[in-house]
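Asker: This is the structure I want to talk about, given as structure tokens.
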Amino acid sequence: MGNPLKVEFQFDFGSPNAYLAELAIPGIEKRTCVKFEYVPVLLGGIFKATNNMSPFESLRGIRNKPEYQALETQRFIRRHNVTKFTQNPFFPVNTLMLMRGAVAARFENMFDPYFRAAYHHMWVEPKKMDDVAVFRAAFMASGIDIDRLIARAQLDDVKKKLIEDTTDAVNRGAFGSPTFFVGREMFFGKDQLRDVEEEIMAQTGALRSRIA
């Protein structure tokens, strides 16, 4: 038997496009029978390492392009029947605390509820999630033992893991979020999800052919 195909979704909670992309992942998983691995990365670290910046900054003052990107976002929302998305009025939010929390939640076997709560409080009922008091109250309201995760996130293994995964993403070609890896093939942005799905089908087909 060959190794199963590894498909990664590299995300930062601060990216609205990563939030929207994630809403489409369950459908792809169902159609392809391949589960995505969710990898927390620090978008600020990626931007710094690649001399990149967010569209919020790079599109400031540009005529027509921001409007077109907003149009594309609306098309994506319609295509994937997204019903829960609200622009965060505090955007951009410093996500270091959120992303360390995600790594801590993975170590503490609390990742799924933490992930859902974080996205809810960033892009469904948006809040200023880089404010410690707001952060703590939001997760408590979602039933998360956030004090446990806040303490865990201070440990060196959590900080090291986030740095390692962020550095690894950059070394493999990442420059923003969301980034997807299908095996060694990289795709960037929510609008590449159809290509991601096609690549999964192509690679799983090749794997099955080698196994048969």
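So you can find residues: chains in the structure tokens are A, B, ... in the order shown, residues in each start at 1, and ligands are numbered from 1 in order.
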For stretch 95-199 of chain A against stretch 45-58 of chain A, with a cut-off of 12 Å and counting only C-alpha atoms, what is the closest atom pair and its distance in Å to one decimal for every residue that makes the cut, ordered by chain and number, as a Markdown table?
Answerer:
| residue | atom | partner | partner_atom | distance |
| --- | --- | --- | --- | --- |
| A:Thr95 | CA | A:Gly45 | CA | 10.5 |
| A:Leu96 | CA | A:Gly45 | CA | 9.5 |
| A:Met99 | CA | A:Gly45 | CA | 11.4 |
| A:Leu162 | CA | A:Gly45 | CA | 9.9 |
| A:Ile163 | CA | A:Gly45 | CA | 8.2 |
| A:Glu164 | CA | A:Gly45 | CA | 10.8 |
| A:Asp165 | CA | A:Ile46 | CA | 10.3 |
| A:Thr166 | CA | A:Ile46 | CA | 6.5 |
| A:Thr167 | CA | A:Ile46 | CA | 7.5 |
| A:Asp168 | CA | A:Ile46 | CA | 9.9 |
| A:Ala169 | CA | A:Ile46 | CA | 8.0 |
| A:Val170 | CA | A:Ile46 | CA | 6.4 |
| A:Asn171 | CA | A:Ala49 | CA | 9.7 |
| A:Arg172 | CA | A:Ile46 | CA | 11.5 |
| A:Gly173 | CA | A:Thr50 | CA | 9.4 |
| A:Ala174 | CA | A:Ile46 | CA | 7.5 |
| A:Phe175 | CA | A:Ile46 | CA | 5.9 |
| A:Gly176 | CA | A:Ile46 | CA | 6.5 |
| A:Ser177 | CA | A:Ile46 | CA | 8.9 |
| A:Pro178 | CA | A:Ile46 | CA | 11.5 |
| A:Thr179 | CA | A:Ile46 | CA | 11.2 |
Asker: Save out the residues we just selected, C-alpha atoms, as a CSV table (one decimal), in the first residue's frame.
Answerer:
chain,number,residue,atom,x,y,z
A,95,THR,CA,-4.1,36.8,15.5
A,96,LEU,CA,-1.0,35.7,17.5
A,99,MET,CA,-3.3,31.0,16.5
A,162,LEU,CA,3.4,27.6,15.4
A,163,ILE,CA,6.8,29.1,14.3
A,164,GLU,CA,7.9,25.8,12.7
A,165,ASP,CA,4.7,25.3,10.7
A,166,THR,CA,4.7,28.9,9.6
A,167,THR,CA,8.3,28.7,8.5
A,168,ASP,CA,7.6,25.3,6.7
A,169,ALA,CA,4.8,26.9,4.8
A,170,VAL,CA,7.0,29.7,3.6
A,171,ASN,CA,9.8,27.3,2.7
A,172,ARG,CA,7.3,25.3,0.5
A,173,GLY,CA,6.1,28.5,-1.3
A,174,ALA,CA,3.3,30.0,0.8
A,175,PHE,CA,2.9,33.8,0.9
A,176,GLY,CA,-0.6,34.2,2.3
A,177,SER,CA,-3.7,32.4,3.5
A,178,PRO,CA,-5.5,30.3,2.6
A,179,THR,CA,-2.9,28.0,1.2
Asker: Measuring between only C-alpha atoms, which one of A:Phe187, A:Pro16, A:Ala24, A:Gln154 shows the shortest distance to A:Pro126?
Answerer: A:Pro16
Asker: Which parts of stretch 26-144 of chain A does DSSP call helix (DSSP H, G or I) when run on the backbone here, written out as a PDB file with N, CA, C and O atoms, in the first residue's frame?
Answerer:
ATOM      1  N   PRO A  26     -15.796  20.772   3.582  1.00  0.00           N
ATOM      2  CA  PRO A  26     -16.542  19.531   3.829  1.00  0.00           C
ATOM      3  C   PRO A  26     -17.140  18.921   2.560  1.00  0.00           C
ATOM      4  O   PRO A  26     -17.162  17.691   2.420  1.00  0.00           O
ATOM      5  N   GLY A  27     -17.598  19.758   1.654  1.00  0.00           N
ATOM      6  CA  GLY A  27     -18.136  19.238   0.397  1.00  0.00           C
ATOM      7  C   GLY A  27     -17.072  18.547  -0.438  1.00  0.00           C
ATOM      8  O   GLY A  27     -17.327  17.498  -1.046  1.00  0.00           O
ATOM      9  N   ILE A  28     -15.883  19.124  -0.457  1.00  0.00           N
ATOM     10  CA  ILE A  28     -14.778  18.515  -1.207  1.00  0.00           C
ATOM     11  C   ILE A  28     -14.378  17.193  -0.560  1.00  0.00           C
ATOM     12  O   ILE A  28     -14.134  16.195  -1.249  1.00  0.00           O
ATOM     13  N   GLU A  29     -14.312  17.185   0.771  1.00  0.00           N
ATOM     14  CA  GLU A  29     -13.970  15.943   1.477  1.00  0.00           C
ATOM     15  C   GLU A  29     -14.981  14.843   1.162  1.00  0.00           C
ATOM     16  O   GLU A  29     -14.606  13.685   0.944  1.00  0.00           O
ATOM     17  N   LYS A  30     -16.248  15.209   1.117  1.00  0.00           N
ATOM     18  CA  LYS A  30     -17.293  14.215   0.852  1.00  0.00           C
ATOM     19  C   LYS A  30     -17.187  13.672  -0.571  1.00  0.00           C
ATOM     20  O   LYS A  30     -17.310  12.459  -0.794  1.00  0.00           O
ATOM     21  N   ARG A  31     -16.922  14.557  -1.523  1.00  0.00           N
ATOM     22  CA  ARG A  31     -16.856  14.132  -2.932  1.00  0.00           C
ATOM     23  C   ARG A  31     -15.599  13.337  -3.233  1.00  0.00           C
ATOM     24  O   ARG A  31     -15.620  12.455  -4.097  1.00  0.00           O
ATOM     25  N   THR A  32     -14.494  13.648  -2.549  1.00  0.00           N
ATOM     26  CA  THR A  32     -13.217  13.002  -2.858  1.00  0.00           C
ATOM     27  C   THR A  32     -12.857  11.872  -1.891  1.00  0.00           C
ATOM     28  O   THR A  32     -11.937  11.098  -2.166  1.00  0.00           O
ATOM     29  N   LEU A  43      -0.187  34.352   9.868  1.00  0.00           N
ATOM     30  CA  LEU A  43      -0.163  35.108   8.623  1.00  0.00           C
ATOM     31  C   LEU A  43       0.798  36.287   8.705  1.00  0.00           C
ATOM     32  O   LEU A  43       1.495  36.603   7.734  1.00  0.00           O
ATOM     33  N   GLY A  44       0.859  36.943   9.863  1.00  0.00           N
ATOM     34  CA  GLY A  44       1.798  38.041  10.026  1.00  0.00           C
ATOM     35  C   GLY A  44       3.229  37.588   9.825  1.00  0.00           C
ATOM     36  O   GLY A  44       4.054  38.303   9.228  1.00  0.00           O
ATOM     37  N   GLY A  45       3.547  36.388  10.303  1.00  0.00           N
ATOM     38  CA  GLY A  45       4.880  35.830  10.114  1.00  0.00           C
ATOM     39  C   GLY A  45       5.163  35.506   8.663  1.00  0.00           C
ATOM     40  O   GLY A  45       6.281  35.728   8.167  1.00  0.00           O
ATOM     41  N   ILE A  46       4.159  35.002   7.964  1.00  0.00           N
ATOM     42  CA  ILE A  46       4.321  34.708   6.536  1.00  0.00           C
ATOM     43  C   ILE A  46       4.548  35.997   5.755  1.00  0.00           C
ATOM     44  O   ILE A  46       5.426  36.086   4.897  1.00  0.00           O
ATOM     45  N   PHE A  47       3.750  37.022   6.058  1.00  0.00           N
ATOM     46  CA  PHE A  47       3.914  38.313   5.370  1.00  0.00           C
ATOM     47  C   PHE A  47       5.317  38.873   5.600  1.00  0.00           C
ATOM     48  O   PHE A  47       5.969  39.364   4.676  1.00  0.00           O
ATOM     49  N   LYS A  48       5.776  38.785   6.830  1.00  0.00           N
ATOM     50  CA  LYS A  48       7.101  39.325   7.153  1.00  0.00           C
ATOM     51  C   LYS A  48       8.200  38.564   6.417  1.00  0.00           C
ATOM     52  O   LYS A  48       9.132  39.170   5.863  1.00  0.00           O
ATOM     53  N   ALA A  49       8.074  37.236   6.371  1.00  0.00           N
ATOM     54  CA  ALA A  49       9.101  36.407   5.741  1.00  0.00           C
ATOM     55  C   ALA A  49       9.127  36.553   4.219  1.00  0.00           C
ATOM     56  O   ALA A  49      10.161  36.329   3.581  1.00  0.00           O
ATOM     57  N   THR A  50       7.992  36.923   3.631  1.00  0.00           N
ATOM     58  CA  THR A  50       7.902  37.006   2.170  1.00  0.00           C
ATOM     59  C   THR A  50       7.800  38.436   1.655  1.00  0.00           C
ATOM     60  O   THR A  50       7.640  38.653   0.455  1.00  0.00           O
ATOM     61  N   PRO A  55      -4.352  42.169   1.456  1.00  0.00           N
ATOM     62  CA  PRO A  55      -5.093  42.967   0.472  1.00  0.00           C
ATOM     63  C   PRO A  55      -5.649  44.254   1.075  1.00  0.00           C
ATOM     64  O   PRO A  55      -5.782  45.259   0.382  1.00  0.00           O
ATOM     65  N   PHE A  56      -5.974  44.205   2.364  1.00  0.00           N
ATOM     66  CA  PHE A  56      -6.466  45.401   3.057  1.00  0.00           C
ATOM     67  C   PHE A  56      -5.487  46.560   2.890  1.00  0.00           C
ATOM     68  O   PHE A  56      -5.886  47.710   2.713  1.00  0.00           O
ATOM     69  N   GLU A  57      -4.182  46.232   2.927  1.00  0.00           N
ATOM     70  CA  GLU A  57      -3.147  47.251   2.766  1.00  0.00           C
ATOM     71  C   GLU A  57      -2.777  47.458   1.301  1.00  0.00           C
ATOM     72  O   GLU A  57      -2.661  48.593   0.842  1.00  0.00           O
ATOM     73  N   SER A  58      -2.599  46.355   0.577  1.00  0.00           N
ATOM     74  CA  SER A  58      -2.078  46.467  -0.789  1.00  0.00           C
ATOM     75  C   SER A  58      -3.077  47.084  -1.761  1.00  0.00           C
ATOM     76  O   SER A  58      -2.676  47.672  -2.771  1.00  0.00           O
ATOM     77  N   LYS A  65      -9.981  47.471  -8.571  1.00  0.00           N
ATOM     78  CA  LYS A  65      -9.596  46.135  -8.119  1.00  0.00           C
ATOM     79  C   LYS A  65     -10.281  45.729  -6.816  1.00  0.00           C
ATOM     80  O   LYS A  65     -10.780  44.595  -6.718  1.00  0.00           O
ATOM     81  N   PRO A  66     -10.353  46.592  -5.790  1.00  0.00           N
ATOM     82  CA  PRO A  66     -11.078  46.192  -4.578  1.00  0.00           C
ATOM     83  C   PRO A  66     -12.544  45.871  -4.843  1.00  0.00           C
ATOM     84  O   PRO A  66     -13.099  44.929  -4.274  1.00  0.00           O
ATOM     85  N   GLU A  67     -13.144  46.654  -5.738  1.00  0.00           N
ATOM     86  CA  GLU A  67     -14.558  46.411  -6.074  1.00  0.00           C
ATOM     87  C   GLU A  67     -14.722  45.057  -6.760  1.00  0.00           C
ATOM     88  O   GLU A  67     -15.692  44.327  -6.509  1.00  0.00           O
ATOM     89  N   TYR A  68     -13.757  44.726  -7.648  1.00  0.00           N
ATOM     90  CA  TYR A  68     -13.838  43.436  -8.327  1.00  0.00           C
ATOM     91  C   TYR A  68     -13.652  42.291  -7.336  1.00  0.00           C
ATOM     92  O   TYR A  68     -14.361  41.279  -7.411  1.00  0.00           O
ATOM     93  N   GLN A  69     -12.720  42.447  -6.413  1.00  0.00           N
ATOM     94  CA  GLN A  69     -12.504  41.383  -5.430  1.00  0.00           C
ATOM     95  C   GLN A  69     -13.740  41.202  -4.546  1.00  0.00           C
ATOM     96  O   GLN A  69     -14.084  40.082  -4.172  1.00  0.00           O
ATOM     97  N   ALA A  70     -14.419  42.296  -4.228  1.00  0.00           N
ATOM     98  CA  ALA A  70     -15.662  42.199  -3.463  1.00  0.00           C
ATOM     99  C   ALA A  70     -16.725  41.448  -4.273  1.00  0.00           C
ATOM    100  O   ALA A  70     -17.496  40.645  -3.722  1.00  0.00           O
ATOM    101  N   LEU A  71     -16.759  41.690  -5.589  1.00  0.00           N
ATOM    102  CA  LEU A  71     -17.688  40.990  -6.472  1.00  0.00           C
ATOM    103  C   LEU A  71     -17.388  39.493  -6.487  1.00  0.00           C
ATOM    104  O   LEU A  71     -18.297  38.659  -6.403  1.00  0.00           O
ATOM    105  N   GLU A  72     -16.107  39.146  -6.593  1.00  0.00           N
ATOM    106  CA  GLU A  72     -15.711  37.740  -6.592  1.00  0.00           C
ATOM    107  C   GLU A  72     -16.089  37.064  -5.272  1.00  0.00           C
ATOM    108  O   GLU A  72     -16.496  35.904  -5.258  1.00  0.00           O
ATOM    109  N   THR A  73     -15.955  37.801  -4.173  1.00  0.00           N
ATOM    110  CA  THR A  73     -16.345  37.253  -2.878  1.00  0.00           C
ATOM    111  C   THR A  73     -17.838  36.956  -2.848  1.00  0.00           C
ATOM    112  O   THR A  73     -18.271  35.901  -2.361  1.00  0.00           O
ATOM    113  N   GLN A  74     -18.640  37.868  -3.388  1.00  0.00           N
ATOM    114  CA  GLN A  74     -20.085  37.632  -3.429  1.00  0.00           C
ATOM    115  C   GLN A  74     -20.425  36.438  -4.308  1.00  0.00           C
ATOM    116  O   GLN A  74     -21.335  35.660  -3.993  1.00  0.00           O
ATOM    117  N   ARG A  75     -19.710  36.284  -5.416  1.00  0.00           N
ATOM    118  CA  ARG A  75     -19.936  35.111  -6.276  1.00  0.00           C
ATOM    119  C   ARG A  75     -19.617  33.820  -5.536  1.00  0.00           C
ATOM    120  O   ARG A  75     -20.341  32.828  -5.642  1.00  0.00           O
ATOM    121  N   PHE A  76     -18.516  33.839  -4.775  1.00  0.00           N
ATOM    122  CA  PHE A  76     -18.120  32.660  -4.000  1.00  0.00           C
ATOM    123  C   PHE A  76     -19.184  32.339  -2.955  1.00  0.00           C
ATOM    124  O   PHE A  76     -19.560  31.177  -2.771  1.00  0.00           O
ATOM    125  N   ILE A  77     -19.671  33.366  -2.278  1.00  0.00           N
ATOM    126  CA  ILE A  77     -20.691  33.191  -1.248  1.00  0.00           C
ATOM    127  C   ILE A  77     -21.956  32.570  -1.845  1.00  0.00           C
ATOM    128  O   ILE A  77     -22.548  31.656  -1.267  1.00  0.00           O
ATOM    129  N   ARG A  78     -22.352  33.026  -3.022  1.00  0.00           N
ATOM    130  CA  ARG A  78     -23.532  32.456  -3.684  1.00  0.00           C
ATOM    131  C   ARG A  78     -23.273  31.021  -4.130  1.00  0.00           C
ATOM    132  O   ARG A  78     -24.119  30.142  -3.952  1.00  0.00           O
ATOM    133  N   ARG A  79     -22.095  30.780  -4.720  1.00  0.00           N
ATOM    134  CA  ARG A  79     -21.774  29.452  -5.257  1.00  0.00           C
ATOM    135  C   ARG A  79     -21.793  28.398  -4.165  1.00  0.00           C
ATOM    136  O   ARG A  79     -22.232  27.270  -4.381  1.00  0.00           O
ATOM    137  N   LEU A  96      -2.029  36.536  16.792  1.00  0.00           N
ATOM    138  CA  LEU A  96      -1.045  35.707  17.494  1.00  0.00           C
ATOM    139  C   LEU A  96      -1.706  34.897  18.614  1.00  0.00           C
ATOM    140  O   LEU A  96      -1.471  33.689  18.749  1.00  0.00           O
ATOM    141  N   MET A  97      -2.538  35.546  19.413  1.00  0.00           N
ATOM    142  CA  MET A  97      -3.202  34.863  20.524  1.00  0.00           C
ATOM    143  C   MET A  97      -4.143  33.770  20.000  1.00  0.00           C
ATOM    144  O   MET A  97      -4.178  32.650  20.530  1.00  0.00           O
ATOM    145  N   LEU A  98      -4.900  34.072  18.955  1.00  0.00           N
ATOM    146  CA  LEU A  98      -5.817  33.097  18.363  1.00  0.00           C
ATOM    147  C   LEU A  98      -5.080  31.890  17.805  1.00  0.00           C
ATOM    148  O   LEU A  98      -5.518  30.743  17.983  1.00  0.00           O
ATOM    149  N   MET A  99      -3.959  32.129  17.112  1.00  0.00           N
ATOM    150  CA  MET A  99      -3.260  31.030  16.458  1.00  0.00           C
ATOM    151  C   MET A  99      -2.490  30.178  17.463  1.00  0.00           C
ATOM    152  O   MET A  99      -2.430  28.956  17.325  1.00  0.00           O
ATOM    153  N   ARG A 100      -1.911  30.804  18.470  1.00  0.00           N
ATOM    154  CA  ARG A 100      -1.301  29.999  19.535  1.00  0.00           C
ATOM    155  C   ARG A 100      -2.370  29.170  20.239  1.00  0.00           C
ATOM    156  O   ARG A 100      -2.133  28.011  20.616  1.00  0.00           O
ATOM    157  N   GLY A 101      -3.546  29.759  20.397  1.00  0.00           N
ATOM    158  CA  GLY A 101      -4.653  29.017  20.995  1.00  0.00           C
ATOM    159  C   GLY A 101      -5.035  27.803  20.174  1.00  0.00           C
ATOM    160  O   GLY A 101      -5.365  26.750  20.720  1.00  0.00           O
ATOM    161  N   ALA A 102      -4.969  27.934  18.847  1.00  0.00           N
ATOM    162  CA  ALA A 102      -5.302  26.808  17.964  1.00  0.00           C
ATOM    163  C   ALA A 102      -4.305  25.669  18.132  1.00  0.00           C
ATOM    164  O   ALA A 102      -4.684  24.489  18.163  1.00  0.00           O
ATOM    165  N   VAL A 103      -3.028  26.014  18.225  1.00  0.00           N
ATOM    166  CA  VAL A 103      -2.002  24.988  18.430  1.00  0.00           C
ATOM    167  C   VAL A 103      -2.180  24.336  19.799  1.00  0.00           C
ATOM    168  O   VAL A 103      -2.126  23.106  19.933  1.00  0.00           O
ATOM    169  N   ALA A 104      -2.430  25.160  20.831  1.00  0.00           N
ATOM    170  CA  ALA A 104      -2.668  24.625  22.173  1.00  0.00           C
ATOM    171  C   ALA A 104      -3.887  23.707  22.172  1.00  0.00           C
ATOM    172  O   ALA A 104      -3.871  22.635  22.796  1.00  0.00           O
ATOM    173  N   ALA A 105      -4.935  24.111  21.463  1.00  0.00           N
ATOM    174  CA  ALA A 105      -6.151  23.296  21.390  1.00  0.00           C
ATOM    175  C   ALA A 105      -5.878  21.960  20.721  1.00  0.00           C
ATOM    176  O   ALA A 105      -6.442  20.926  21.108  1.00  0.00           O
ATOM    177  N   ARG A 106      -5.017  21.957  19.709  1.00  0.00           N
ATOM    178  CA  ARG A 106      -4.637  20.688  19.063  1.00  0.00           C
ATOM    179  C   ARG A 106      -3.919  19.785  20.062  1.00  0.00           C
ATOM    180  O   ARG A 106      -4.215  18.592  20.168  1.00  0.00           O
ATOM    181  N   PHE A 107      -2.994  20.335  20.824  1.00  0.00           N
ATOM    182  CA  PHE A 107      -2.259  19.554  21.816  1.00  0.00           C
ATOM    183  C   PHE A 107      -3.181  19.039  22.929  1.00  0.00           C
ATOM    184  O   PHE A 107      -2.932  17.981  23.503  1.00  0.00           O
ATOM    185  N   PHE A 111      -9.347  20.853  19.548  1.00  0.00           N
ATOM    186  CA  PHE A 111      -9.201  21.668  18.347  1.00  0.00           C
ATOM    187  C   PHE A 111     -10.531  21.987  17.673  1.00  0.00           C
ATOM    188  O   PHE A 111     -10.794  23.149  17.339  1.00  0.00           O
ATOM    189  N   ASP A 112     -11.369  20.997  17.453  1.00  0.00           N
ATOM    190  CA  ASP A 112     -12.596  21.232  16.682  1.00  0.00           C
ATOM    191  C   ASP A 112     -13.509  22.280  17.329  1.00  0.00           C
ATOM    192  O   ASP A 112     -13.928  23.234  16.658  1.00  0.00           O
ATOM    193  N   PRO A 113     -13.844  22.148  18.611  1.00  0.00           N
ATOM    194  CA  PRO A 113     -14.700  23.187  19.213  1.00  0.00           C
ATOM    195  C   PRO A 113     -14.015  24.553  19.257  1.00  0.00           C
ATOM    196  O   PRO A 113     -14.679  25.579  19.063  1.00  0.00           O
ATOM    197  N   TYR A 114     -12.708  24.570  19.499  1.00  0.00           N
ATOM    198  CA  TYR A 114     -11.985  25.846  19.504  1.00  0.00           C
ATOM    199  C   TYR A 114     -12.019  26.480  18.122  1.00  0.00           C
ATOM    200  O   TYR A 114     -12.289  27.684  17.975  1.00  0.00           O
ATOM    201  N   PHE A 115     -11.756  25.681  17.094  1.00  0.00           N
ATOM    202  CA  PHE A 115     -11.737  26.173  15.713  1.00  0.00           C
ATOM    203  C   PHE A 115     -13.083  26.789  15.359  1.00  0.00           C
ATOM    204  O   PHE A 115     -13.149  27.902  14.814  1.00  0.00           O
ATOM    205  N   ARG A 116     -14.171  26.071  15.646  1.00  0.00           N
ATOM    206  CA  ARG A 116     -15.509  26.578  15.301  1.00  0.00           C
ATOM    207  C   ARG A 116     -15.823  27.865  16.061  1.00  0.00           C
ATOM    208  O   ARG A 116     -16.382  28.812  15.507  1.00  0.00           O
ATOM    209  N   ALA A 117     -15.455  27.899  17.335  1.00  0.00           N
ATOM    210  CA  ALA A 117     -15.729  29.091  18.132  1.00  0.00           C
ATOM    211  C   ALA A 117     -14.920  30.280  17.631  1.00  0.00           C
ATOM    212  O   ALA A 117     -15.436  31.401  17.540  1.00  0.00           O
ATOM    213  N   ALA A 118     -13.654  30.050  17.308  1.00  0.00           N
ATOM    214  CA  ALA A 118     -12.799  31.145  16.830  1.00  0.00           C
ATOM    215  C   ALA A 118     -13.359  31.755  15.553  1.00  0.00           C
ATOM    216  O   ALA A 118     -13.453  32.990  15.431  1.00  0.00           O
ATOM    217  N   TYR A 119     -13.748  30.917  14.617  1.00  0.00           N
ATOM    218  CA  TYR A 119     -14.307  31.451  13.370  1.00  0.00           C
ATOM    219  C   TYR A 119     -15.647  32.141  13.611  1.00  0.00           C
ATOM    220  O   TYR A 119     -15.964  33.153  12.981  1.00  0.00           O
ATOM    221  N   HIS A 120     -16.429  31.612  14.530  1.00  0.00           N
ATOM    222  CA  HIS A 120     -17.715  32.246  14.845  1.00  0.00           C
ATOM    223  C   HIS A 120     -17.506  33.671  15.353  1.00  0.00           C
ATOM    224  O   HIS A 120     -18.200  34.601  14.906  1.00  0.00           O
ATOM    225  N   HIS A 121     -16.544  33.838  16.243  1.00  0.00           N
ATOM    226  CA  HIS A 121     -16.337  35.148  16.861  1.00  0.00           C
ATOM    227  C   HIS A 121     -15.492  36.087  16.002  1.00  0.00           C
ATOM    228  O   HIS A 121     -15.392  37.277  16.324  1.00  0.00           O
ATOM    229  N   MET A 122     -14.933  35.558  14.913  1.00  0.00           N
ATOM    230  CA  MET A 122     -14.222  36.418  13.959  1.00  0.00           C
ATOM    231  C   MET A 122     -15.104  36.836  12.791  1.00  0.00           C
ATOM    232  O   MET A 122     -15.055  37.996  12.350  1.00  0.00           O
ATOM    233  N   TRP A 123     -15.946  35.911  12.280  1.00  0.00           N
ATOM    234  CA  TRP A 123     -16.608  36.176  11.003  1.00  0.00           C
ATOM    235  C   TRP A 123     -18.103  35.897  10.974  1.00  0.00           C
ATOM    236  O   TRP A 123     -18.735  36.057   9.942  1.00  0.00           O
ATOM    237  N   VAL A 132      -7.616  40.810  25.021  1.00  0.00           N
ATOM    238  CA  VAL A 132      -7.604  39.623  25.883  1.00  0.00           C
ATOM    239  C   VAL A 132      -8.947  39.405  26.575  1.00  0.00           C
ATOM    240  O   VAL A 132      -9.449  38.275  26.637  1.00  0.00           O
ATOM    241  N   ALA A 133      -9.553  40.462  27.092  1.00  0.00           N
ATOM    242  CA  ALA A 133     -10.823  40.324  27.808  1.00  0.00           C
ATOM    243  C   ALA A 133     -11.935  39.878  26.855  1.00  0.00           C
ATOM    244  O   ALA A 133     -12.749  39.012  27.199  1.00  0.00           O
ATOM    245  N   VAL A 134     -11.970  40.453  25.659  1.00  0.00           N
ATOM    246  CA  VAL A 134     -12.968  40.074  24.650  1.00  0.00           C
ATOM    247  C   VAL A 134     -12.751  38.625  24.221  1.00  0.00           C
ATOM    248  O   VAL A 134     -13.701  37.830  24.112  1.00  0.00           O
ATOM    249  N   PHE A 135     -11.500  38.287  23.956  1.00  0.00           N
ATOM    250  CA  PHE A 135     -11.096  36.934  23.562  1.00  0.00           C
ATOM    251  C   PHE A 135     -11.584  35.910  24.583  1.00  0.00           C
ATOM    252  O   PHE A 135     -12.248  34.925  24.252  1.00  0.00           O
ATOM    253  N   ARG A 136     -11.280  36.161  25.845  1.00  0.00           N
ATOM    254  CA  ARG A 136     -11.621  35.225  26.909  1.00  0.00           C
ATOM    255  C   ARG A 136     -13.142  35.086  27.058  1.00  0.00           C
ATOM    256  O   ARG A 136     -13.667  33.970  27.141  1.00  0.00           O
ATOM    257  N   ALA A 137     -13.848  36.219  27.054  1.00  0.00           N
ATOM    258  CA  ALA A 137     -15.303  36.182  27.218  1.00  0.00           C
ATOM    259  C   ALA A 137     -15.981  35.459  26.052  1.00  0.00           C
ATOM    260  O   ALA A 137     -16.948  34.716  26.248  1.00  0.00           O
ATOM    261  N   ALA A 138     -15.464  35.667  24.839  1.00  0.00           N
ATOM    262  CA  ALA A 138     -16.058  35.041  23.652  1.00  0.00           C
ATOM    263  C   ALA A 138     -15.963  33.522  23.737  1.00  0.00           C
ATOM    264  O   ALA A 138     -16.951  32.805  23.528  1.00  0.00           O
ATOM    265  N   PHE A 139     -14.787  33.018  24.072  1.00  0.00           N
ATOM    266  CA  PHE A 139     -14.623  31.571  24.138  1.00  0.00           C
ATOM    267  C   PHE A 139     -15.383  30.965  25.317  1.00  0.00           C
ATOM    268  O   PHE A 139     -15.926  29.856  25.211  1.00  0.00           O
ATOM    269  N   MET A 140     -15.436  31.691  26.420  1.00  0.00           N
ATOM    270  CA  MET A 140     -16.227  31.194  27.550  1.00  0.00           C
ATOM    271  C   MET A 140     -17.700  31.086  27.166  1.00  0.00           C
ATOM    272  O   MET A 140     -18.374  30.115  27.525  1.00  0.00           O
ATOM    273  N   ALA A 141     -18.183  32.057  26.401  1.00  0.00           N
ATOM    274  CA  ALA A 141     -19.577  32.023  25.959  1.00  0.00           C
ATOM    275  C   ALA A 141     -19.850  30.831  25.048  1.00  0.00           C
ATOM    276  O   ALA A 141     -20.991  30.357  24.952  1.00  0.00           O
TER     277      ALA A 141
END
Asker: Would you pick out the contacts of A:Asn94 at 8 Å or less, using only C-alpha atoms, so that residues sharing its chain but fewer than 4 positions from it are not included, and give the list as a PDB file with N, CA and C atoms, in the first residue's frame?
Answerer:
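What follows is the written file out.pdb:
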ATOM      1  N   GLY A  14      -7.439  35.271  10.959  1.00  0.00           N
ATOM      2  CA  GLY A  14      -7.584  36.662  10.557  1.00  0.00           C
ATOM      3  C   GLY A  14      -7.926  36.856   9.094  1.00  0.00           C
ATOM      4  N   MET A 129     -10.941  40.267  18.572  1.00  0.00           N
ATOM      5  CA  MET A 129     -10.399  39.084  19.206  1.00  0.00           C
ATOM      6  C   MET A 129      -8.914  39.178  19.551  1.00  0.00           C
ATOM      7  N   ASP A 130      -8.315  40.353  19.376  1.00  0.00           N
ATOM      8  CA  ASP A 130      -6.959  40.538  19.890  1.00  0.00           C
ATOM      9  C   ASP A 130      -6.976  41.301  21.216  1.00  0.00           C
TER      10      ASP A 130
END
Asker: Mind pulling up the distance from atom CA of A:Pro40 to atom CA of A:Lys160?
Answerer: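 According to the coordinates, atom CA of A:Lys160 and atom CA of A:Pro40 are separated by 12.3 Å.
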Asker: Enumerate the residues of stretch 1-52 of chain A with a DSSP assignment of strand (DSSP E or B), computed from the backbone, and present them as a ChimeraX atom specification.
Answerer: /A:7-11,36-40
Asker: Take the residues from that selection and write them out as a short mmCIF file (atom, residue, chain, number, x, y, z; two decimals), in the first residue's frame, keeping C-alpha atoms.
Answerer:
data_model
loop_
_atom_site.label_atom_id
_atom_site.label_comp_id
_atom_site.auth_asym_id
_atom_site.auth_seq_id
_atom_site.Cartn_x
_atom_site.Cartn_y
_atom_site.Cartn_z
CA VAL A 7 -4.01 17.46 1.77
CA GLU A 8 -3.37 20.53 3.93
CA PHE A 9 -5.43 23.64 4.63
CA GLN A 10 -3.06 26.24 6.05
CA PHE A 11 -5.09 28.94 7.72
CA PHE A 36 -8.01 17.78 4.90
CA GLU A 37 -5.40 18.40 7.58
CA TYR A 38 -5.95 21.79 9.21
CA VAL A 39 -2.62 23.54 9.87
CA PRO A 40 -2.54 26.77 11.93
#
Asker: Using only C-alpha atoms, which residue out of A:Ala202, A:Val182, A:Val124, A:Ala151 lies closest to A:Thr86?
Answerer: A:Val124
Asker: Between atom CA of A:Ile146 and atom CA of A:Met110, what distance in Å does the model show, to one decimal?
Answerer: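 Rounded to one decimal, the two atoms are 10.1 Å apart.
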Asker: Distance atom CA of A:Lys161-atom CA of A:Leu42, one decimal place?
Answerer: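 Computed distance, atom CA of A:Lys161 to atom CA of A:Leu42, equals 10.8 Å.
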